[in-house]
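Data first, discussion second: the structure below is written as structure tokens.
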Amino acid sequence: MRVMIAAGGTGGHIYPALALARHLKSVENAEVLFVGTQKGMEKEIIPNNGFPLEMIPVVGLERRLSLQMGRAVFLAFSGLRAARRLIKYFRPDIVVGVGGYVSGPVVLAAALSNIPTVIHEQNAIPGLTNVLLSRIASRVCLSIPGSERYFPRPERTELTGNPRASEAIAADGKDTIPAGMLPGVPLLLCVGGSHGAARLNEVVTESISGILSACDAQIVYITGKRYFGGVSSKLAETGVRFPKRLHIIPYHPALPELLTKTSLLVSRAGATTLAEVTALGVPAVLVPSPNVTNNHQEYNARMLSDQGAAVLVNEKELTTGGLSEMLIELLNDNSRLHEMSCASRRLGFPDASERMTTVLKELV
């Protein structure tokens with residue numbers, strides 16, 4: 001099977017695509033070609049993971065008239081021509097778009113060439129590109145139940161889950177805990193995404209001393225690279241001293257492996273993170289980012305909180321005292337954590353890669 005995958009922009013699009021590609025390569029011996037742009041994270045992440053990547057010119061279309069719209073339209077046609085050339089060169093059996101601007105011209109070019117197409121939606125509320133592409137796509141694979149109602153042709157949708165969940169299940173957690181962590185001690189993992197989150201970091205930083213004083217727990221705090229220096233300085237200034245139970249790191253390259261050791265997670269509500277969390281059954285306190293399209297992270301988080309798998313805290317309601325009290329209560333309540341873990345697992349799709357591969361094979 002020859003598979004072309006359009007994946008670009010953020011890690012939320014790229015990592016699920018890589019998980020699918022690795023599964024296709026290992027199970028179906030598929031040949032996979034990625035298509036992206038020069039401006040997204042894909043230009044480094046995809047080649048570093050051993051897959052070929054071709055670039056095409058494309059930018060997002062704004063939802064209002066502006067001086068940039070003419071350039072965007074021109075690049076859209078240029079991207080379509082480039083995508084058609086790549087399809088003629090690679091001759092894919094099927095084309096997959098995982099969201100982001102690059103999916104538009106690639107999926108359209110495939111449809112014009114009578115090649116079956118699949119788009120994958122990670123979030124509870126779909127992005128504009130995927131909604132538009134769903135009109136021409138052969139199938140729409142969904143990560144979250146209920147998302148089908150946002151698509152004009154719900155009969156073409158199929159609930160498969162997010163392929164990243166399958167890789168989370170395969171994680172073994174070996175050699176991923178920072179040096180010096182205590183075996184057998186409950187782990188609170190605090191992370192604001194690959195880039196960090198300013199308000200979440202501020203509140204977590206102010207809460208650490210109180211949490212560690214009140215709980216027999218240890219904390220791994222992933223600040224994001226841009227915030228690491230500031231957080232470290234702030235903690236040094238306030239005299240926080242828990243050398244064996246507190247580890248501040250800027251970034252962790254293998255979050256699923258770290259999640260296998262986690263007793264409680266504090267994080268944003270990105271779709272990929274939640275796919276990993278539910279696959280592994282990790283109890284969570286979710287603080288959705290307010291700076292995303294359609295407020296989709298709140299809808300992602302609400303799916304978990306409504307089922308008892310997580311606690312949802314909107315950023316505008318986030319306070320040091322409130323977060324500290326909540327985390328201390330949860331960390332000292334093993335029964336509640338167990339219930340949340342079981343509820344989380346019920347929402348997971350550990351076989352997501354296999355489900356999506358089945359869809360591709362049927363279409364091919």
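Naming scheme: A, B, ... for chains in displayed order of the structure tokens; residues 1 onward per chain; ligands 1 onward as shown.
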
How close does each residue of range 223-279 of chain A get to range 9-19 of chain A, giving the shortest atom pair and distance in Å to one decimal for every residue with an atom at most 8 Å away, counting only C-alpha atoms, sorted by chain and residue number, as a tab-separated table?
residue	atom	partner	partner_atom	distance
A:Gly270	CA	A:Gly12	CA	7.2
A:Ala271	CA	A:Gly12	CA	6.8
A:Thr272	CA	A:Gly12	CA	5.7

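Using only C-alpha atoms, the contacts of range 139-147 of chain A at a cut-off of 7 Å, with sequence neighbours closer than 6 positions omitted, comprise Thr117, Val118, Ile119, His120, Glu121, Gln122, Asn123, Ala124, Ile125, Arg156, Thr157, Glu158, Leu159, Thr160, Gly161 and Asn162 of chain A.
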
DSSP on the backbone: which residues in range 85-324 of chain A end up as strand (DSSP E or B)? Give the answer as JSON, numbers by chain.
{"A": [94, 95, 96, 97, 117, 118, 119, 120, 121, 139, 140, 141, 142, 157, 158, 159, 187, 188, 189, 190, 191, 218, 219, 220, 221, 222, 246, 247, 248, 249, 264, 265, 266, 267, 284, 285, 286, 310, 311, 312]}

Write out the residues from the selection above, keeping N, CA and C atoms, as a compact mmCIF listing (two decimals), in the first residue's frame.
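Heads up, here's the output in selection.txt:
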# COMPACT_ATOMS: atom_id res chain seq x y z
N ILE A 94 -3.95 5.74 -1.63
CA ILE A 94 -4.90 6.49 -0.82
C ILE A 94 -4.19 7.71 -0.24
N VAL A 95 -4.94 8.77 0.01
CA VAL A 95 -4.40 10.00 0.58
C VAL A 95 -5.13 10.32 1.87
N VAL A 96 -4.36 10.67 2.91
CA VAL A 96 -4.91 10.97 4.23
C VAL A 96 -4.57 12.41 4.60
N GLY A 97 -5.56 13.16 5.04
CA GLY A 97 -5.35 14.51 5.56
C GLY A 97 -5.69 14.54 7.03
N THR A 117 -9.79 9.15 -0.47
CA THR A 117 -9.25 10.08 0.51
C THR A 117 -9.90 9.87 1.87
N VAL A 118 -9.12 10.09 2.91
CA VAL A 118 -9.59 10.02 4.29
C VAL A 118 -9.09 11.26 5.02
N ILE A 119 -9.94 11.88 5.80
CA ILE A 119 -9.48 12.94 6.70
C ILE A 119 -9.70 12.48 8.13
N HIS A 120 -8.82 12.94 9.01
CA HIS A 120 -8.89 12.57 10.43
C HIS A 120 -9.09 13.82 11.25
N GLU A 121 -10.10 13.80 12.10
CA GLU A 121 -10.39 14.93 12.98
C GLU A 121 -10.07 14.54 14.42
N ARG A 139 -14.01 9.25 3.33
CA ARG A 139 -14.36 8.91 4.70
C ARG A 139 -13.76 9.92 5.65
N VAL A 140 -14.46 10.16 6.78
CA VAL A 140 -13.97 11.04 7.84
C VAL A 140 -13.81 10.19 9.11
N CYS A 141 -12.59 10.10 9.62
CA CYS A 141 -12.32 9.34 10.84
C CYS A 141 -12.34 10.30 12.03
N LEU A 142 -13.10 9.93 13.05
CA LEU A 142 -13.30 10.80 14.21
C LEU A 142 -12.59 10.25 15.44
N THR A 157 -18.83 9.44 8.17
CA THR A 157 -17.91 9.46 9.31
C THR A 157 -17.80 8.09 9.96
N GLU A 158 -16.68 7.87 10.63
CA GLU A 158 -16.47 6.62 11.37
C GLU A 158 -15.62 6.92 12.60
N LEU A 159 -16.05 6.43 13.73
CA LEU A 159 -15.34 6.66 14.99
C LEU A 159 -14.19 5.66 15.11
N LEU A 187 3.06 10.06 41.48
CA LEU A 187 3.62 11.09 40.62
C LEU A 187 2.53 12.03 40.11
N LEU A 188 2.69 13.32 40.37
CA LEU A 188 1.87 14.37 39.80
C LEU A 188 2.62 14.97 38.62
N LEU A 189 2.06 14.86 37.44
CA LEU A 189 2.68 15.40 36.23
C LEU A 189 1.96 16.67 35.83
N CYS A 190 2.69 17.76 35.72
CA CYS A 190 2.13 19.05 35.32
C CYS A 190 2.77 19.47 34.01
N VAL A 191 1.94 19.69 32.99
CA VAL A 191 2.47 20.04 31.67
C VAL A 191 1.48 20.94 30.94
N GLN A 218 5.41 13.12 44.48
CA GLN A 218 6.50 13.79 43.78
C GLN A 218 5.94 14.43 42.51
N ILE A 219 6.61 15.45 42.05
CA ILE A 219 6.11 16.23 40.91
C ILE A 219 7.14 16.26 39.80
N VAL A 220 6.70 15.98 38.58
CA VAL A 220 7.46 16.31 37.39
C VAL A 220 6.72 17.47 36.72
N TYR A 221 7.40 18.57 36.56
CA TYR A 221 6.81 19.82 36.07
C TYR A 221 7.49 20.17 34.75
N ILE A 222 6.76 20.00 33.65
CA ILE A 222 7.28 20.32 32.32
C ILE A 222 6.80 21.72 31.96
N LEU A 246 10.81 16.95 43.54
CA LEU A 246 10.44 17.95 42.54
C LEU A 246 11.46 17.99 41.43
N HIS A 247 11.00 17.79 40.20
CA HIS A 247 11.88 17.85 39.05
C HIS A 247 11.27 18.77 38.00
N ILE A 248 11.98 19.86 37.71
CA ILE A 248 11.53 20.84 36.72
C ILE A 248 12.31 20.59 35.43
N ILE A 249 11.61 20.35 34.34
CA ILE A 249 12.26 20.13 33.06
C ILE A 249 11.56 20.98 31.99
N LEU A 264 -1.57 11.37 38.63
CA LEU A 264 -2.51 12.45 38.35
C LEU A 264 -1.83 13.44 37.42
N LEU A 265 -2.58 13.90 36.41
CA LEU A 265 -2.05 14.82 35.41
C LEU A 265 -2.74 16.17 35.52
N VAL A 266 -1.96 17.24 35.38
CA VAL A 266 -2.51 18.59 35.20
C VAL A 266 -2.03 19.07 33.84
N SER A 267 -2.98 19.41 32.94
CA SER A 267 -2.55 19.79 31.60
C SER A 267 -3.63 20.56 30.87
N ALA A 284 -7.10 13.11 35.47
CA ALA A 284 -6.56 14.40 35.02
C ALA A 284 -7.36 15.58 35.55
N VAL A 285 -6.64 16.67 35.76
CA VAL A 285 -7.24 17.99 35.95
C VAL A 285 -6.90 18.78 34.69
N LEU A 286 -7.93 19.17 33.95
CA LEU A 286 -7.74 19.77 32.63
C LEU A 286 -8.07 21.25 32.66
N ALA A 310 -12.13 13.19 34.50
CA ALA A 310 -11.27 14.35 34.71
C ALA A 310 -12.06 15.44 35.41
N VAL A 311 -11.32 16.42 35.94
CA VAL A 311 -11.92 17.63 36.49
C VAL A 311 -11.59 18.76 35.54
N LEU A 312 -12.60 19.50 35.12
CA LEU A 312 -12.43 20.62 34.19
C LEU A 312 -12.37 21.93 34.97

Identify, on the basis of only C-alpha atoms, every residue whose closest approach to Thr293 in chain A does not exceed 10 Å; exclude the query and any residue fewer than 5 positions from it along the same chain; express the result as an MDAnalysis selection string.
chainID A and resid 125:128

Produce a file of the selected residues containing N, CA and C atoms, as a PDB file, in the first residue's frame.
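New file again_9.pdb:
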ATOM      1  N   ILE A 125     -14.701  19.546  18.302  1.00  0.00           N
ATOM      2  CA  ILE A 125     -15.225  20.518  17.345  1.00  0.00           C
ATOM      3  C   ILE A 125     -14.257  20.576  16.176  1.00  0.00           C
ATOM      4  N   PRO A 126     -14.680  20.191  14.972  1.00  0.00           N
ATOM      5  CA  PRO A 126     -13.745  20.125  13.843  1.00  0.00           C
ATOM      6  C   PRO A 126     -13.298  21.498  13.371  1.00  0.00           C
ATOM      7  N   GLY A 127     -12.108  21.526  12.772  1.00  0.00           N
ATOM      8  CA  GLY A 127     -11.600  22.743  12.169  1.00  0.00           C
ATOM      9  C   GLY A 127     -12.256  23.009  10.816  1.00  0.00           C
ATOM     10  N   LEU A 128     -12.140  24.241  10.357  1.00  0.00           N
ATOM     11  CA  LEU A 128     -12.787  24.648   9.106  1.00  0.00           C
ATOM     12  C   LEU A 128     -12.284  23.828   7.923  1.00  0.00           C
TER      13      LEU A 128
END

Test item, alpha helix (DSSP H) assignment across range 185-340 of chain A, answer as a PyMOL selection string:
chain A and resi 198-214+228-238+255-259+271-280+296-306+320-331+334-340

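Between Leu360 in chain A and the residues A:Ser138, A:Ser263, A:Asn48, A:Ser213, the shortest atom-to-atom distance, using only C-alpha atoms, involves A:Ser138.
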
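Shortest separation to Leu330 in chain A among A:Ile211, A:Ile56, A:Leu274, A:Ala269 occurs at residue A:Ile211, atoms counted being only C-alpha atoms.
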
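The neighbours of range 316-329 of chain A here are the residues that come within 6 Å of it, using only C-alpha atoms and leaving out any residue fewer than 2 positions away in the same chain; they are Val203, Ser207, Ile211, Asn314, Leu331 and Asn332 of chain A.
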
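The protein and nucleic acid residues lying at most 9 Å from range 37-39 of chain A are Ala7, Gly8, Gly9, Val35, Met41, Glu42, Lys43, Glu54, Met55, Ile56, Pro57, Val58, Val59, Tyr101 and Val102 of chain A, with only C-alpha atoms considered and sequence neighbours fewer than 2 positions away removed.
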
Write the selection just made, keeping N, CA and C atoms, as a compact mmCIF listing (two decimals), in the first residue's frame?
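That gives us selection.txt:
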# COMPACT_ATOMS: atom_id res chain seq x y z
N ALA A 7 0.15 16.44 6.56
CA ALA A 7 0.19 16.73 7.99
C ALA A 7 1.05 17.94 8.22
N GLY A 8 0.50 18.95 8.87
CA GLY A 8 1.31 20.14 9.09
C GLY A 8 0.81 21.03 10.20
N GLY A 9 1.63 22.00 10.53
CA GLY A 9 1.26 23.00 11.51
C GLY A 9 1.75 22.65 12.90
N VAL A 35 3.42 15.09 3.23
CA VAL A 35 3.41 16.38 2.56
C VAL A 35 3.14 17.45 3.61
N MET A 41 5.79 22.74 12.10
CA MET A 41 6.71 21.91 12.88
C MET A 41 7.11 20.64 12.13
N GLU A 42 6.35 20.29 11.09
CA GLU A 42 6.61 19.05 10.37
C GLU A 42 7.97 19.01 9.71
N LYS A 43 8.51 20.16 9.34
CA LYS A 43 9.78 20.17 8.60
C LYS A 43 10.93 19.60 9.42
N GLU A 54 7.75 15.98 1.59
CA GLU A 54 7.77 16.93 0.48
C GLU A 54 7.02 18.19 0.91
N MET A 55 7.48 19.33 0.41
CA MET A 55 6.88 20.62 0.78
C MET A 55 6.06 21.18 -0.38
N ILE A 56 4.95 21.83 -0.04
CA ILE A 56 4.18 22.57 -1.04
C ILE A 56 3.86 23.95 -0.46
N PRO A 57 3.63 24.94 -1.34
CA PRO A 57 3.30 26.30 -0.86
C PRO A 57 1.81 26.40 -0.53
N VAL A 58 1.50 26.81 0.69
CA VAL A 58 0.10 27.02 1.07
C VAL A 58 0.07 27.85 2.34
N VAL A 59 -0.94 28.71 2.45
CA VAL A 59 -1.21 29.43 3.70
C VAL A 59 -2.70 29.34 3.97
N TYR A 101 -3.62 23.48 7.20
CA TYR A 101 -3.84 24.07 5.87
C TYR A 101 -3.36 23.17 4.74
N VAL A 102 -2.31 22.41 4.97
CA VAL A 102 -1.74 21.61 3.89
C VAL A 102 -2.68 20.50 3.44

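Checking A:Glu298, A:Asp306, A:Glu315, A:Glu362 one by one against Asn201 in chain A, counting only C-alpha atoms, you find the shortest gap at A:Glu315.
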
Shortest interatomic distance to Ile45 in chain A - which of A:Pro253, A:Pro283, A:Pro92, A:Gly104, counting only C-alpha atoms:
A:Pro253

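Computed from the coordinates, the CA of Lys261 in chain A to CA of Arg345 in chain A distance equals 15.4 Å.
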
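Considering the residues A:Met303, A:Val277, A:Leu133, A:Ala198 and counting only C-alpha atoms, Phe349 in chain A has its shortest atom-to-atom contact with A:Val277.
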
Would you kindly return, as JSON, numbers by chain, each protein, DNA or RNA residue with an atom no farther than 7 Å from any atom of Leu80 in chain A, considering only C-alpha atoms and excluding same-chain residues fewer than 4 positions away?
{"A": [76, 84, 105, 106, 109]}

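Here CA of Gly36 in chain A and CA of Leu86 in chain A stand 11.7 Å from one another.
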